[in-house]
Every structure is written in C-alpha cells, then in structure tokens.
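Novice: Dropping in target-v3.txt, with compact mmCIF, N, CA and C atoms.
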# COMPACT_ATOMS: atom_id res chain seq x y z
N MET A 1160 -26.13 7.79 -28.91
CA MET A 1160 -25.47 6.52 -28.83
C MET A 1160 -25.12 6.18 -27.38
N GLY A 1161 -24.83 7.16 -26.54
CA GLY A 1161 -24.50 6.91 -25.15
C GLY A 1161 -25.65 6.31 -24.39
N LEU A 1162 -26.86 6.77 -24.64
CA LEU A 1162 -28.04 6.24 -23.96
C LEU A 1162 -28.29 4.80 -24.35
N ILE A 1163 -28.13 4.50 -25.63
CA ILE A 1163 -28.37 3.13 -26.10
C ILE A 1163 -27.35 2.18 -25.48
N SER A 1164 -26.09 2.59 -25.44
CA SER A 1164 -25.08 1.71 -24.85
C SER A 1164 -25.34 1.51 -23.36
N GLU A 1165 -25.80 2.54 -22.67
CA GLU A 1165 -26.11 2.40 -21.25
C GLU A 1165 -27.27 1.43 -21.03
N VAL A 1166 -28.28 1.51 -21.88
CA VAL A 1166 -29.43 0.60 -21.77
C VAL A 1166 -28.99 -0.83 -22.06
N LEU A 1167 -28.17 -1.02 -23.07
CA LEU A 1167 -27.71 -2.35 -23.41
C LEU A 1167 -26.80 -2.94 -22.34
N LEU A 1168 -26.04 -2.09 -21.69
CA LEU A 1168 -25.10 -2.56 -20.66
C LEU A 1168 -25.73 -2.59 -19.27
N LEU A 1169 -26.98 -2.20 -19.15
CA LEU A 1169 -27.65 -2.16 -17.85
C LEU A 1169 -27.60 -3.50 -17.10
N PRO A 1170 -27.76 -4.63 -17.77
CA PRO A 1170 -27.67 -5.90 -17.03
C PRO A 1170 -26.29 -6.13 -16.39
N LEU A 1171 -25.28 -5.46 -16.89
CA LEU A 1171 -23.93 -5.62 -16.33
C LEU A 1171 -23.64 -4.61 -15.23
N ALA A 1172 -24.58 -3.75 -14.91
CA ALA A 1172 -24.36 -2.71 -13.92
C ALA A 1172 -23.90 -3.25 -12.56
N PRO A 1173 -24.50 -4.32 -12.03
CA PRO A 1173 -24.01 -4.83 -10.73
C PRO A 1173 -22.55 -5.27 -10.80
N ALA A 1174 -22.15 -5.89 -11.88
CA ALA A 1174 -20.76 -6.33 -12.02
C ALA A 1174 -19.83 -5.12 -12.13
N ARG A 1175 -20.26 -4.11 -12.90
CA ARG A 1175 -19.44 -2.90 -13.05
C ARG A 1175 -19.34 -2.17 -11.72
N GLY A 1176 -20.44 -2.13 -10.97
CA GLY A 1176 -20.41 -1.49 -9.65
C GLY A 1176 -19.52 -2.25 -8.68
N GLY A 1177 -19.58 -3.58 -8.75
CA GLY A 1177 -18.72 -4.40 -7.90
C GLY A 1177 -17.25 -4.21 -8.23
N ALA A 1178 -16.94 -4.13 -9.51
CA ALA A 1178 -15.56 -3.91 -9.93
C ALA A 1178 -15.06 -2.55 -9.46
N TRP A 1179 -15.92 -1.54 -9.51
CA TRP A 1179 -15.54 -0.22 -9.03
C TRP A 1179 -15.24 -0.27 -7.53
N ALA A 1180 -16.08 -0.96 -6.78
CA ALA A 1180 -15.88 -1.06 -5.33
C ALA A 1180 -14.58 -1.78 -5.01
N ILE A 1181 -14.29 -2.83 -5.75
CA ILE A 1181 -13.04 -3.57 -5.54
C ILE A 1181 -11.84 -2.68 -5.83
N ARG A 1182 -11.92 -1.88 -6.92
CA ARG A 1182 -10.82 -0.96 -7.24
C ARG A 1182 -10.62 0.06 -6.14
N GLN A 1183 -11.70 0.57 -5.57
CA GLN A 1183 -11.60 1.56 -4.50
C GLN A 1183 -10.95 0.96 -3.25
N VAL A 1184 -11.35 -0.26 -2.90
CA VAL A 1184 -10.77 -0.93 -1.74
C VAL A 1184 -9.29 -1.19 -1.96
N LEU A 1185 -8.94 -1.65 -3.16
CA LEU A 1185 -7.55 -1.91 -3.48
C LEU A 1185 -6.71 -0.64 -3.42
N GLN A 1186 -7.21 0.45 -3.94
CA GLN A 1186 -6.49 1.72 -3.90
C GLN A 1186 -6.26 2.17 -2.46
N GLU A 1187 -7.27 2.03 -1.62
CA GLU A 1187 -7.13 2.44 -0.21
C GLU A 1187 -6.13 1.53 0.51
N ALA A 1188 -6.19 0.24 0.24
CA ALA A 1188 -5.24 -0.69 0.86
C ALA A 1188 -3.81 -0.36 0.45
N GLU A 1189 -3.59 -0.05 -0.82
CA GLU A 1189 -2.26 0.32 -1.28
C GLU A 1189 -1.81 1.64 -0.67
N ARG A 1190 -2.73 2.59 -0.53
CA ARG A 1190 -2.38 3.87 0.08
C ARG A 1190 -1.90 3.66 1.51
N ILE A 1191 -2.60 2.83 2.26
CA ILE A 1191 -2.20 2.56 3.64
C ILE A 1191 -0.90 1.77 3.67
N TYR A 1192 -0.77 0.77 2.82
CA TYR A 1192 0.42 -0.09 2.79
C TYR A 1192 1.68 0.71 2.51
N TYR A 1193 1.59 1.67 1.60
CA TYR A 1193 2.76 2.46 1.22
C TYR A 1193 2.83 3.81 1.93
N ASP A 1194 1.97 4.07 2.88
CA ASP A 1194 2.00 5.33 3.62
C ASP A 1194 3.29 5.41 4.44
N PRO A 1195 4.11 6.45 4.23
CA PRO A 1195 5.37 6.55 4.96
C PRO A 1195 5.21 6.50 6.48
N ALA A 1196 4.16 7.09 7.00
CA ALA A 1196 3.94 7.07 8.45
C ALA A 1196 3.68 5.65 8.93
N THR A 1197 2.93 4.88 8.18
CA THR A 1197 2.66 3.49 8.53
C THR A 1197 3.94 2.67 8.51
N VAL A 1198 4.75 2.87 7.48
CA VAL A 1198 6.00 2.12 7.35
C VAL A 1198 6.94 2.48 8.50
N ARG A 1199 7.03 3.76 8.84
CA ARG A 1199 7.91 4.17 9.94
C ARG A 1199 7.44 3.58 11.27
N ALA A 1200 6.13 3.52 11.47
CA ALA A 1200 5.59 2.92 12.69
C ALA A 1200 5.94 1.44 12.75
N GLU A 1201 5.85 0.76 11.61
CA GLU A 1201 6.20 -0.65 11.56
C GLU A 1201 7.70 -0.86 11.82
N LEU A 1202 8.53 0.06 11.33
CA LEU A 1202 9.97 -0.02 11.60
C LEU A 1202 10.24 0.13 13.09
N ALA A 1203 9.56 1.06 13.73
CA ALA A 1203 9.74 1.26 15.17
C ALA A 1203 9.28 0.02 15.94
N ARG A 1204 8.15 -0.55 15.56
CA ARG A 1204 7.65 -1.76 16.22
C ARG A 1204 8.63 -2.92 16.02
N LEU A 1205 9.20 -3.01 14.84
CA LEU A 1205 10.17 -4.06 14.54
C LEU A 1205 11.41 -3.92 15.42
N GLU A 1206 11.87 -2.70 15.60
CA GLU A 1206 13.03 -2.47 16.45
C GLU A 1206 12.72 -2.83 17.90
N GLU A 1207 11.51 -2.52 18.35
CA GLU A 1207 11.11 -2.90 19.71
C GLU A 1207 11.11 -4.41 19.88
N GLN A 1208 10.65 -5.13 18.85
CA GLN A 1208 10.64 -6.59 18.91
C GLN A 1208 12.05 -7.15 19.00
N LEU A 1209 12.98 -6.53 18.28
CA LEU A 1209 14.37 -6.97 18.32
C LEU A 1209 14.96 -6.74 19.71
N GLU A 1210 14.74 -5.55 20.25
CA GLU A 1210 15.27 -5.22 21.57
C GLU A 1210 14.66 -6.10 22.66
N ALA A 1211 13.42 -6.52 22.49
CA ALA A 1211 12.76 -7.37 23.47
C ALA A 1211 13.13 -8.85 23.29
N GLY A 1212 13.88 -9.15 22.24
CA GLY A 1212 14.30 -10.53 21.99
C GLY A 1212 13.21 -11.38 21.37
N GLU A 1213 12.18 -10.75 20.83
CA GLU A 1213 11.08 -11.49 20.22
C GLU A 1213 11.42 -12.02 18.83
N ILE A 1214 12.38 -11.37 18.16
CA ILE A 1214 12.82 -11.81 16.83
C ILE A 1214 14.34 -11.83 16.79
N THR A 1215 14.88 -12.60 15.85
CA THR A 1215 16.33 -12.68 15.71
C THR A 1215 16.85 -11.51 14.86
N GLU A 1216 18.14 -11.36 14.89
CA GLU A 1216 18.78 -10.31 14.09
C GLU A 1216 18.54 -10.53 12.60
N GLU A 1217 18.58 -11.81 12.19
CA GLU A 1217 18.35 -12.14 10.78
C GLU A 1217 16.92 -11.78 10.36
N GLU A 1218 15.95 -12.11 11.22
CA GLU A 1218 14.55 -11.79 10.93
C GLU A 1218 14.36 -10.27 10.88
N PHE A 1219 15.03 -9.58 11.81
CA PHE A 1219 14.96 -8.12 11.82
C PHE A 1219 15.48 -7.55 10.52
N ASP A 1220 16.65 -8.03 10.08
CA ASP A 1220 17.26 -7.53 8.84
C ASP A 1220 16.35 -7.77 7.64
N ARG A 1221 15.76 -8.96 7.56
CA ARG A 1221 14.89 -9.29 6.44
C ARG A 1221 13.66 -8.38 6.42
N GLN A 1222 13.01 -8.25 7.56
CA GLN A 1222 11.81 -7.42 7.62
C GLN A 1222 12.14 -5.94 7.44
N GLU A 1223 13.28 -5.51 7.97
CA GLU A 1223 13.69 -4.12 7.80
C GLU A 1223 13.92 -3.81 6.32
N ASP A 1224 14.56 -4.72 5.60
CA ASP A 1224 14.78 -4.52 4.17
C ASP A 1224 13.46 -4.37 3.42
N GLU A 1225 12.48 -5.22 3.76
CA GLU A 1225 11.16 -5.13 3.12
C GLU A 1225 10.50 -3.79 3.41
N LEU A 1226 10.58 -3.35 4.66
CA LEU A 1226 9.95 -2.08 5.01
C LEU A 1226 10.66 -0.90 4.35
N LEU A 1227 11.98 -0.97 4.27
CA LEU A 1227 12.71 0.12 3.62
C LEU A 1227 12.41 0.16 2.12
N ASP A 1228 12.21 -1.01 1.51
CA ASP A 1228 11.80 -1.05 0.10
C ASP A 1228 10.44 -0.38 -0.07
N ARG A 1229 9.50 -0.68 0.83
CA ARG A 1229 8.18 -0.05 0.77
C ARG A 1229 8.29 1.46 0.93
N LEU A 1230 9.16 1.90 1.84
CA LEU A 1230 9.33 3.33 2.06
C LEU A 1230 9.92 4.01 0.83
N GLU A 1231 10.85 3.33 0.17
CA GLU A 1231 11.44 3.88 -1.05
C GLU A 1231 10.40 3.99 -2.16
N ILE A 1232 9.58 2.97 -2.31
CA ILE A 1232 8.51 3.01 -3.32
C ILE A 1232 7.54 4.15 -3.00
N ALA A 1233 7.20 4.31 -1.74
CA ALA A 1233 6.28 5.37 -1.35
C ALA A 1233 6.87 6.74 -1.65
N THR A 1234 8.15 6.89 -1.41
CA THR A 1234 8.80 8.17 -1.67
C THR A 1234 8.84 8.46 -3.16
N ARG A 1235 9.18 7.44 -3.96
CA ARG A 1235 9.21 7.64 -5.41
C ARG A 1235 7.82 7.94 -5.95
N THR A 1236 6.82 7.24 -5.45
CA THR A 1236 5.46 7.43 -5.93
C THR A 1236 4.95 8.82 -5.59
N SER A 1237 5.19 9.27 -4.37
CA SER A 1237 4.72 10.60 -3.98
C SER A 1237 5.47 11.68 -4.74
N ALA A 1238 6.74 11.45 -5.06
CA ALA A 1238 7.50 12.42 -5.83
C ALA A 1238 6.97 12.48 -7.25
N GLY A 1239 6.55 11.35 -7.80
CA GLY A 1239 6.04 11.30 -9.16
C GLY A 1239 4.67 11.93 -9.29
N LEU A 1240 3.95 12.06 -8.20
CA LEU A 1240 2.62 12.66 -8.25
C LEU A 1240 2.68 14.18 -8.33
N GLY A 1241 3.85 14.73 -8.08
CA GLY A 1241 3.98 16.18 -8.16
C GLY A 1241 3.26 16.89 -7.04
N ASN A 1242 3.28 16.30 -5.86
CA ASN A 1242 2.58 16.92 -4.74
C ASN A 1242 3.48 17.80 -3.89
N GLY A 1243 4.60 18.20 -4.48
CA GLY A 1243 5.48 19.13 -3.79
C GLY A 1243 6.55 18.46 -2.95
N THR A 1244 6.63 17.15 -2.95
CA THR A 1244 7.64 16.48 -2.15
C THR A 1244 8.95 16.31 -2.90
N ALA A 1245 8.92 16.45 -4.21
CA ALA A 1245 10.15 16.31 -4.99
C ALA A 1245 10.92 17.62 -5.00
N PRO A 1246 12.25 17.53 -5.04
CA PRO A 1246 13.05 18.77 -5.07
C PRO A 1246 12.88 19.54 -6.36
Can you give me the file's structure in the form of structure tokens?
Specialist:
Amino acid sequence: MGLISEVLLLPLAPARGGAWAIRQVLQEAERIYYDPATVRAELARLEEQLEAGEITEEEFDRQEDELLDRLEIATRTSAGLGNGTAP
C-alpha cells in the first residue's frame, strides 16, 4: 500500500518538497531569533544606542522588554527540551 500511495502522490512531490524546505527555513529562523546569544548581543547593541543618544529612554524600554520576553521564551524552550539546562 505504501508504494501505491507514493505513486499516486508523485505529482504532489514538488509541493511536498517545497513545504519541507519552507519548514526547514522557518525552524532555522526561529532558532536564530530565540538564540540567547543573539538576544544578548541585541541587548548590548540596544544599550549602546541609548548611550549614544540614538534612541530615547522610552524606545529603549520598549525594545528591551521585547528582547527580554524573547530571552525568557528561549530559556523556557531550551529547558523543556531536556538538554541539561533545567535544574
């Protein structure tokens, strides 16, 4: 039955392959977006912008809150994966 279903679904192979590629790109983008090292680097860059007067205190606070939320999500996600980061 597996061979028959593969033959019948063969015309959809390009779409299935495209969907797989999109999922892989999305997973990599999320990995980078929630990577704690990336978030910490963005926090440091944000602080430099504040000190240089490039952004206001209000803008700093708003962006800092967003970055800290991302860092919290990353920490919870990595703890849930059981990769040894949870106590």
Novice: For the contact check between segment 1211-1236 of chain A and segment 1177-1201 of chain A, emit one row per residue of segment 1211-1236 of chain A within 6 Å, containing the shortest atom pair and the distance in Å rounded to one decimal, counting only N, CA and C atoms, chain then rising number order, as CSV.
Specialist:
residue,atom,partner,partner_atom,distance
A:Arg1229,C,A:Tyr1193,CA,5.6
A:Leu1230,CA,A:Pro1195,CA,5.9
A:Ala1233,CA,A:Tyr1193,C,5.0
Novice: Please measure the separation of atom CA of Glu1217 of chain A and atom C of Thr1234 of chain A, giving the value in Å to one decimal.
Specialist: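 Separation between atom CA of Glu1217 of chain A and atom C of Thr1234 of chain A: 26.6 Å.
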Novice: Once 3 Å is added on each side, what centre and edge lengths in Å to one decimal does the axis-aligned box around all listed atoms of segment 1215-1223 of chain A have, as lines of an AutoDock Vina configuration file?
Specialist:
center_x = 15.3
center_y = -8.2
center_z = 11.1
size_x = 13.0
size_y = 14.9
size_z = 15.5
Novice: Would you work out the distance separating atom CA of Ser1237 of chain A from atom C of Arg1204 of chain A, expressed in Å to one decimal?
Specialist: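 For atom CA of Ser1237 of chain A relative to atom C of Arg1204 of chain A, the distance reads 24.5 Å.
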Novice: Enter the distance from atom CA of Phe1219 of chain A to atom CA of Glu1206 of chain A, in Å, rounded to one decimal.
Specialist: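 Atom-to-atom, atom CA of Phe1219 of chain A to atom CA of Glu1206 of chain A, that is 7.6 Å.
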Novice: What lies within 7 Å of Glu1223 of chain A using all atoms listed in the file, ignoring chain neighbours under 5 positions off, as a PyMOL selection string?
Specialist: chain A and resi 1202+1218+1228
Novice: Limited to N, CA and C atoms, could you put the picked residues into a file as a PDB file, in the frame of the given file?
Specialist:
ATOM      1  N   LEU A1202       8.530   0.060  11.330  1.00  0.00           N
ATOM      2  CA  LEU A1202       9.970  -0.020  11.600  1.00  0.00           C
ATOM      3  C   LEU A1202      10.240   0.130  13.090  1.00  0.00           C
ATOM      4  N   GLU A1218      15.950 -12.110  11.220  1.00  0.00           N
ATOM      5  CA  GLU A1218      14.550 -11.790  10.930  1.00  0.00           C
ATOM      6  C   GLU A1218      14.360 -10.270  10.880  1.00  0.00           C
ATOM      7  N   ASP A1228      12.210  -1.010   1.510  1.00  0.00           N
ATOM      8  CA  ASP A1228      11.800  -1.050   0.100  1.00  0.00           C
ATOM      9  C   ASP A1228      10.440  -0.380  -0.070  1.00  0.00           C
TER      10      ASP A1228
END
